[in-house]
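File shown: input28.cif (mmCIF, C-alpha atoms).
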data_target
#
loop_
_atom_site.label_atom_id
_atom_site.label_comp_id
_atom_site.auth_asym_id
_atom_site.auth_seq_id
_atom_site.Cartn_x
_atom_site.Cartn_y
_atom_site.Cartn_z
CA MET P 22 13.86 -133.13 -165.64
CA GLU P 23 15.06 -129.98 -163.90
CA PRO P 24 17.25 -129.39 -160.83
CA ARG P 25 15.77 -128.22 -157.55
CA ASN P 26 16.42 -124.59 -156.75
CA TYR P 27 19.07 -125.27 -154.09
CA TYR P 28 21.15 -127.76 -156.11
CA GLY P 29 23.30 -124.96 -157.50
CA LYS P 30 24.50 -124.14 -153.98
CA ILE P 31 25.53 -127.78 -153.53
CA GLY P 32 27.49 -127.65 -156.78
CA LYS P 33 29.29 -124.47 -155.73
CA ARG P 34 30.10 -125.92 -152.31
CA LEU P 35 31.68 -128.95 -154.01
CA ALA P 36 33.63 -126.74 -156.42
CA ASP P 37 34.94 -124.69 -153.49
CA SER P 38 35.79 -127.73 -151.35
CA LEU P 39 37.65 -129.99 -153.78
CA PRO P 40 40.61 -127.63 -154.42
CA LYS P 41 41.01 -127.11 -150.67
CA TYR P 42 40.53 -130.58 -149.25
CA HIS P 43 41.44 -133.04 -152.00
CA VAL P 44 44.94 -134.48 -151.62
CA LEU P 45 46.02 -133.11 -155.02
CA GLN P 46 45.19 -129.49 -154.04
CA GLN P 47 44.47 -128.83 -157.72
CA PRO P 48 42.45 -125.74 -158.60
CA MET P 49 39.03 -126.07 -160.19
CA ASP P 50 40.11 -124.98 -163.66
CA ASP P 51 39.63 -125.74 -167.35
CA GLU P 52 41.60 -129.00 -167.10
CA ILE P 53 39.29 -130.28 -164.36
CA SER P 54 36.33 -129.11 -166.44
CA ARG P 55 37.57 -131.06 -169.45
CA ARG P 56 38.01 -134.24 -167.42
CA ALA P 57 34.59 -133.82 -165.81
CA TRP P 58 32.97 -133.32 -169.22
CA THR P 59 34.61 -136.50 -170.52
CA ASN P 60 33.56 -138.43 -167.41
CA LEU P 61 29.95 -137.34 -167.79
CA VAL P 62 29.68 -138.08 -171.50
CA THR P 63 31.33 -141.47 -170.96
CA PHE P 64 28.97 -142.26 -168.09
CA TYR P 65 25.90 -141.78 -170.26
CA ASP P 66 27.22 -143.15 -173.57
CA PHE P 67 30.33 -145.24 -172.94
CA ASP P 68 30.05 -147.20 -176.20
CA HIS P 69 29.19 -144.24 -178.47
CA SER P 70 25.86 -145.67 -179.55
CA VAL P 71 23.23 -143.27 -178.19
CA PHE P 72 24.36 -139.71 -178.95
CA LEU P 73 24.98 -138.35 -182.43
CA LYS P 74 28.11 -136.47 -183.51
CA SER P 75 26.02 -133.28 -183.67
CA ASP P 76 24.99 -133.83 -180.04
CA LEU P 77 28.64 -134.02 -179.01
CA ASP P 78 29.43 -130.87 -180.97
CA ARG P 79 26.69 -129.04 -179.08
CA LEU P 80 27.70 -130.46 -175.70
CA ALA P 81 31.31 -129.47 -176.39
CA ALA P 82 30.38 -125.85 -175.61
CA HIS P 83 30.55 -126.85 -171.92
CA GLU P 84 33.83 -128.75 -172.11
CA LEU P 85 35.88 -125.93 -170.57
CA THR P 86 33.14 -124.07 -168.70
CA ILE P 87 31.94 -126.53 -166.04
CA ASP P 88 34.26 -124.97 -163.47
CA ASP P 89 32.87 -121.50 -164.19
CA GLU P 90 29.27 -122.74 -164.18
CA LEU P 91 29.66 -124.38 -160.77
CA GLY P 92 31.16 -121.15 -159.47
CA ARG P 93 27.94 -119.40 -160.56
CA GLU P 94 25.78 -122.07 -158.88
CA ASP P 95 24.73 -123.29 -162.33
CA ILE P 96 24.38 -127.08 -162.54
CA SER P 97 21.96 -127.07 -165.48
CA PHE P 98 24.43 -128.83 -167.80
CA GLY P 99 24.09 -132.04 -165.77
CA TYR P 100 20.36 -132.03 -166.45
CA ASP P 101 20.66 -130.92 -170.07
CA ILE P 102 22.86 -133.88 -170.94
CA TYR P 103 20.61 -136.28 -169.00
CA ASN P 104 17.48 -135.03 -170.79
CA LEU P 105 19.24 -135.33 -174.15
CA TYR P 106 20.36 -138.85 -173.27
CA VAL P 107 16.82 -139.90 -172.34
CA ARG P 108 15.47 -138.51 -175.61
CA ARG P 109 18.11 -140.20 -177.75
CA LEU P 110 17.87 -143.49 -175.85
CA GLY P 111 14.10 -143.45 -176.38
CA GLU P 112 14.70 -143.08 -180.11
CA ARG P 113 17.16 -145.99 -180.14
CA ILE P 114 14.95 -148.31 -178.08
CA GLY P 115 11.93 -147.34 -180.19
CA PHE P 116 13.85 -148.32 -183.32
CA VAL P 117 14.92 -151.62 -181.75
CA THR P 118 11.42 -152.62 -180.64
CA ASN P 119 9.92 -151.73 -184.03
CA LEU P 120 12.68 -153.63 -185.84
CA LEU P 121 12.18 -156.74 -183.73
CA ALA P 122 8.39 -156.59 -183.95
CA ALA P 123 8.44 -156.26 -187.75
CA ALA P 124 11.19 -158.79 -188.52
CA LYS P 125 9.83 -162.08 -189.83
CA SER P 126 13.25 -163.59 -190.42
CA TRP P 127 16.90 -162.56 -190.46
CA GLU P 128 19.36 -162.83 -193.33
CA PHE P 129 22.75 -164.06 -192.08
CA SER P 130 24.45 -164.66 -195.43
CA THR P 131 25.24 -160.95 -196.00
CA ASN P 132 28.90 -160.07 -195.52
CA GLU P 133 28.89 -157.24 -192.97
CA THR P 134 30.79 -156.34 -189.81
CA TYR P 135 29.56 -155.23 -186.38
CA ARG P 136 31.96 -153.59 -183.96
CA ILE P 137 31.03 -154.91 -180.51
CA ARG P 138 33.27 -152.62 -178.44
CA ARG P 139 32.63 -149.07 -179.63
CA LYS P 140 34.19 -146.95 -176.89
CA ASP P 141 36.89 -145.79 -179.31
CA ALA P 142 34.62 -145.58 -182.34
CA PRO P 143 33.37 -142.21 -183.62
CA TRP P 144 29.83 -141.20 -182.77
CA PRO P 145 27.33 -141.71 -185.62
CA GLU P 146 26.99 -138.70 -187.89
CA THR P 147 23.29 -139.18 -188.59
CA LYS P 148 20.23 -140.90 -187.17
CA ALA P 149 20.33 -143.34 -190.10
CA GLU P 150 23.93 -144.25 -189.27
CA ALA P 151 23.02 -144.77 -185.61
CA GLU P 152 20.07 -146.98 -186.53
CA ASP P 153 22.22 -149.07 -188.87
CA CYS P 154 24.64 -149.64 -186.00
CA TRP P 155 21.76 -150.75 -183.77
CA ARG P 156 20.39 -152.97 -186.55
CA LYS P 157 23.71 -154.82 -186.64
CA ARG P 158 23.78 -154.98 -182.85
CA ILE P 159 20.34 -156.59 -182.72
CA LYS P 160 21.14 -158.90 -185.61
CA ASN P 161 24.22 -160.08 -183.71
CA GLU P 162 22.17 -160.67 -180.55
CA VAL P 163 19.56 -162.64 -182.50
CA LEU P 164 22.30 -164.80 -184.03
CA VAL P 165 24.00 -165.42 -180.67
CA ALA P 166 20.68 -166.37 -179.06
CA GLN P 167 19.90 -168.79 -181.89
CA ILE P 168 23.35 -170.41 -181.73
CA ASN P 169 23.16 -170.79 -177.95
CA HIS P 170 19.72 -172.37 -178.26
CA ASP P 171 20.98 -174.83 -180.89
CA LEU P 172 24.11 -175.72 -178.90
CA ASP P 173 22.06 -176.36 -175.76
CA LYS P 174 19.77 -178.62 -177.84
CA SER P 175 16.90 -177.09 -175.95
CA THR P 176 13.37 -178.20 -176.72
CA ASN P 177 11.89 -175.03 -175.24
CA ARG P 178 10.11 -172.69 -177.63
CA LEU P 179 12.43 -169.89 -178.74
CA ASP P 180 10.96 -166.37 -179.10
CA ILE P 181 14.02 -164.20 -179.49
CA ALA P 182 12.16 -161.07 -180.59
CA THR P 183 9.86 -161.05 -177.57
CA ASP P 184 12.75 -161.69 -175.18
CA LEU P 185 14.87 -158.89 -176.67
CA ILE P 186 11.99 -156.40 -176.73
CA LYS P 187 11.32 -157.13 -173.07
CA ARG P 188 15.02 -156.76 -172.19
CA TYR P 189 15.42 -153.43 -173.97
CA ARG P 190 12.23 -152.03 -172.47
CA GLN P 191 13.53 -152.98 -169.03
CA TYR P 192 16.84 -151.33 -169.88
CA MET P 193 15.00 -148.15 -170.91
CA THR P 194 13.06 -148.17 -167.64
CA PHE P 195 16.20 -148.71 -165.58
CA MET P 196 18.19 -145.98 -167.31
CA THR P 197 15.42 -143.37 -167.16
CA GLU P 198 14.18 -143.91 -163.59
CA PRO P 199 16.69 -141.70 -161.68
CA ASP P 200 15.19 -138.73 -159.83
CA GLU P 201 16.56 -135.19 -159.61
CA GLU P 202 18.90 -136.13 -156.77
CA ALA P 203 20.38 -139.08 -158.68
CA VAL P 204 21.06 -136.93 -161.75
CA LEU P 205 22.83 -134.39 -159.53
CA GLN P 206 24.94 -137.20 -158.07
CA HIS P 207 25.96 -138.39 -161.55
CA TYR P 208 26.99 -134.86 -162.51
CA LEU P 209 28.92 -133.98 -159.37
CA SER P 210 30.57 -137.41 -159.29
CA ALA P 211 31.87 -136.74 -162.80
CA VAL P 212 33.39 -133.53 -161.44
CA SER P 213 34.82 -135.28 -158.36
CA ARG P 214 36.37 -138.05 -160.46
CA ALA P 215 38.15 -135.40 -162.50
CA TYR P 216 40.49 -135.22 -159.50
CA ASP P 217 40.91 -138.98 -159.21
CA PRO P 218 38.74 -142.01 -160.05
CA HIS P 219 38.13 -142.87 -156.39
CA THR P 220 36.57 -139.55 -155.35
CA ASP P 221 32.77 -139.33 -155.54
CA TYR P 222 29.93 -137.09 -154.57
CA MET P 223 27.24 -139.01 -152.69
CA SER P 224 23.69 -137.76 -152.30
CA PRO P 225 22.16 -138.03 -148.81
CA ALA P 226 20.36 -141.26 -149.80
CA SER P 227 23.57 -142.78 -151.19
CA LYS P 228 25.50 -141.68 -148.10
CA GLU P 229 22.93 -143.43 -145.90
CA ASP P 230 23.27 -146.64 -147.94
CA PHE P 231 27.07 -146.38 -147.78
CA ASP P 232 27.02 -145.98 -143.98
CA MET P 233 24.76 -149.00 -143.58
CA GLU P 234 27.08 -151.14 -145.69
CA MET P 235 30.18 -150.00 -143.83
CA ASN P 236 28.57 -150.47 -140.42
CA LEU P 237 26.79 -153.72 -141.36
CA SER P 238 23.65 -152.17 -139.97
CA LEU P 239 21.21 -152.75 -142.83
CA CYS P 240 17.71 -153.56 -141.64
CA GLY P 241 15.21 -154.58 -144.31
CA ILE P 242 12.38 -157.02 -144.92
CA GLY P 243 14.76 -159.74 -146.11
CA ALA P 244 13.92 -160.12 -149.79
CA THR P 245 16.22 -160.12 -152.82
CA LEU P 246 14.72 -158.12 -155.69
CA THR P 247 15.30 -157.81 -159.41
CA MET P 248 13.72 -155.81 -162.23
CA ASP P 249 11.12 -157.69 -164.28
CA ASP P 250 9.37 -155.93 -167.16
CA GLY P 251 9.41 -152.57 -165.41
CA ALA P 252 8.43 -153.85 -161.96
CA LEU P 253 10.32 -155.28 -158.99
CA LYS P 254 10.21 -159.04 -158.65
CA ILE P 255 11.02 -161.02 -155.50
CA VAL P 256 13.58 -163.67 -156.39
CA GLU P 257 14.52 -164.89 -152.90
CA ILE P 258 13.19 -164.74 -149.33
CA MET P 259 15.96 -164.74 -146.73
CA PRO P 260 15.61 -167.47 -144.07
CA GLY P 261 14.64 -166.04 -140.69
CA SER P 262 13.89 -162.60 -142.14
CA PRO P 263 10.83 -160.46 -141.29
CA CYS P 264 9.54 -161.26 -144.76
CA GLU P 265 9.68 -165.03 -144.12
CA ARG P 266 8.12 -164.72 -140.68
CA ASP P 267 5.24 -162.62 -142.04
CA GLY P 268 4.60 -165.20 -144.73
CA ARG P 269 2.57 -163.10 -147.15
CA LEU P 270 5.25 -162.34 -149.73
CA LYS P 271 6.40 -165.25 -151.88
CA GLU P 272 9.23 -165.79 -154.37
CA GLY P 273 8.04 -164.75 -157.81
CA ASP P 274 5.71 -162.01 -156.53
CA ARG P 275 5.93 -158.66 -158.34
CA ILE P 276 5.84 -155.36 -156.45
CA VAL P 277 3.67 -152.93 -158.40
CA GLY P 278 2.99 -150.36 -155.66
CA VAL P 279 3.97 -149.31 -152.16
CA GLN P 280 1.67 -148.03 -149.43
CA GLN P 281 2.60 -146.50 -146.08
CA ASP P 282 0.28 -146.55 -143.04
CA GLY P 283 -2.98 -146.35 -144.91
CA GLY P 284 -1.74 -143.71 -147.34
CA PRO P 285 -2.17 -143.74 -151.11
CA MET P 286 -0.72 -146.62 -153.13
#
Could you write out this structure as structure tokens?
Amino acid sequence: MEPRNYYGKIGKRLADSLPKYHVLQQPMDDEISRRAWTNLVTFYDFDHSVFLKSDLDRLAAHELTIDDELGREDISFGYDIYNLYVRRLGERIGFVTNLLAAAKSWEFSTNETYRIRRKDAPWPETKAEAEDCWRKRIKNEVLVAQINHDLDKSTNRLDIATDLIKRYRQYMTFMTEPDEEAVLQHYLSAVSRAYDPHTDYMSPASKEDFDMEMNLSLCGIGATLTMDDGALKIVEIMPGSPCERDGRLKEGDRIVGVQQDGGPM
């Protein structure tokens, strides 16, 4: 993914505005750049399980230069880190799905430790180290699912591998669906939060959603949606809503395409 040609001007405008209008009146300097870099890396890989140590070493070249880059209307780093994240996440999810598909059984008698909260753990040095971490993560999830099933004394058929593969594929879809504008928002929000954690950059679409929530002026079809295997699924129809009055959409339906006024699906 690449930024649109005018996004650099937006980045420079933000970099010029924050020192003037933020309550701290702090200059856009190397300290702000360092905080922004940390915010961005943490946003994409908060538990240190996707990137490798070598990735962080390469990304570190921008740790003190974000302020200068924004001044030059250069916002490419926000897209470089996103593209790297998507590539590495694809590798991790690919490993997980292959592991689950190939596993016939799991050995739980081996004495090994899995660190659930990894935000303070070092990033893996190698791909093999990262995959071993994910192997333990999946093994833990399989064990927890089996224990919960046994404690519930459920008679339903248990297919942990299929359920986990579906969940991780949905996670991959969710994390890689942002468009160019959303990636810009993630990047510039990381810069804004370098001033304080309650300052954000909102894209025009996000600003519109924010205004609707604040003004209680949201007008929609009246359906609650969730992600289901890469598609949107209707989980609830609001009573009295346009959706209920129309009558064609039902709970459990999946939205696989959208068409406007006779246009293409």
Give me the residues near stretch 272-286 of chain P as a PyMOL selection string, where near means some atom within 10 Å (using all atoms listed in the file) and where sequence neighbours in that chain fewer than 3 positions away do not count. chain P and resi 244-258+269
Output C-alpha atoms of each residue in that selection to a file, as a short mmCIF file (atom, residue, chain, number, x, y, z; two decimals), in the coordinates of the input.
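Done, and the output landed in result_9.cif:
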data_model
loop_
_atom_site.label_atom_id
_atom_site.label_comp_id
_atom_site.auth_asym_id
_atom_site.auth_seq_id
_atom_site.Cartn_x
_atom_site.Cartn_y
_atom_site.Cartn_z
CA ALA P 244 13.92 -160.12 -149.79
CA THR P 245 16.22 -160.12 -152.82
CA LEU P 246 14.72 -158.12 -155.69
CA THR P 247 15.30 -157.81 -159.41
CA MET P 248 13.72 -155.81 -162.23
CA ASP P 249 11.12 -157.69 -164.28
CA ASP P 250 9.37 -155.93 -167.16
CA GLY P 251 9.41 -152.57 -165.41
CA ALA P 252 8.43 -153.85 -161.96
CA LEU P 253 10.32 -155.28 -158.99
CA LYS P 254 10.21 -159.04 -158.65
CA ILE P 255 11.02 -161.02 -155.50
CA VAL P 256 13.58 -163.67 -156.39
CA GLU P 257 14.52 -164.89 -152.90
CA ILE P 258 13.19 -164.74 -149.33
CA ARG P 269 2.57 -163.10 -147.15
#
Pick from P:Glu152, P:Glu229, P:Glu265, P:Asp221, whichever lies nearest to P:Leu205 using all atoms listed in the file: P:Asp221
List every protein, DNA or RNA residue with an atom no more than 12 Å from (13.2, -163.0, -175.1) in the file's coordinates, counting all atoms listed in the file, and format the result as number ranges by chain. P: 118, 121-122, 162-163, 166-167, 170, 178-191, 250
Reference answer for the PyMOL selection byres ((chain P and resi 138-148) around 6), as JSON, numbers by chain: {"P": [67, 68, 69, 73, 74, 136, 137, 149, 150, 151]}
Have a look at atom CA of P:Leu39 and atom CA of P:Leu77 and let me know their distance in Å, one decimal. 27.1 Å
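The space between atom CA of P:Tyr27 and atom CA of P:Tyr222 spans 16.1 Å.
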Using the chain letters and numbers from the file, give me the residues hit by the PyMOL selection byres ((chain P and resi 133) around 12), as a ChimeraX atom specification. /P:128-132,134-136,153-154,156-158,160-161
Give me the residues near P:Lys33 as a PyMOL selection string, where near means some atom within 8 Å (using all atoms listed in the file) and where sequence neighbours in that chain fewer than 6 positions away do not count. chain P and resi 91-94
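Pairwise distance (atom CA of P:Asp76, atom CA of P:Arg214) equals 23.0 Å.
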Within 12 Å of (40.2, -141.0, -155.1) in the file's own coordinates, which protein, DNA or RNA residues have an atom, counting all atoms listed in the file? List them as a ChimeraX atom specification. /P:39,42-45,210,212-222
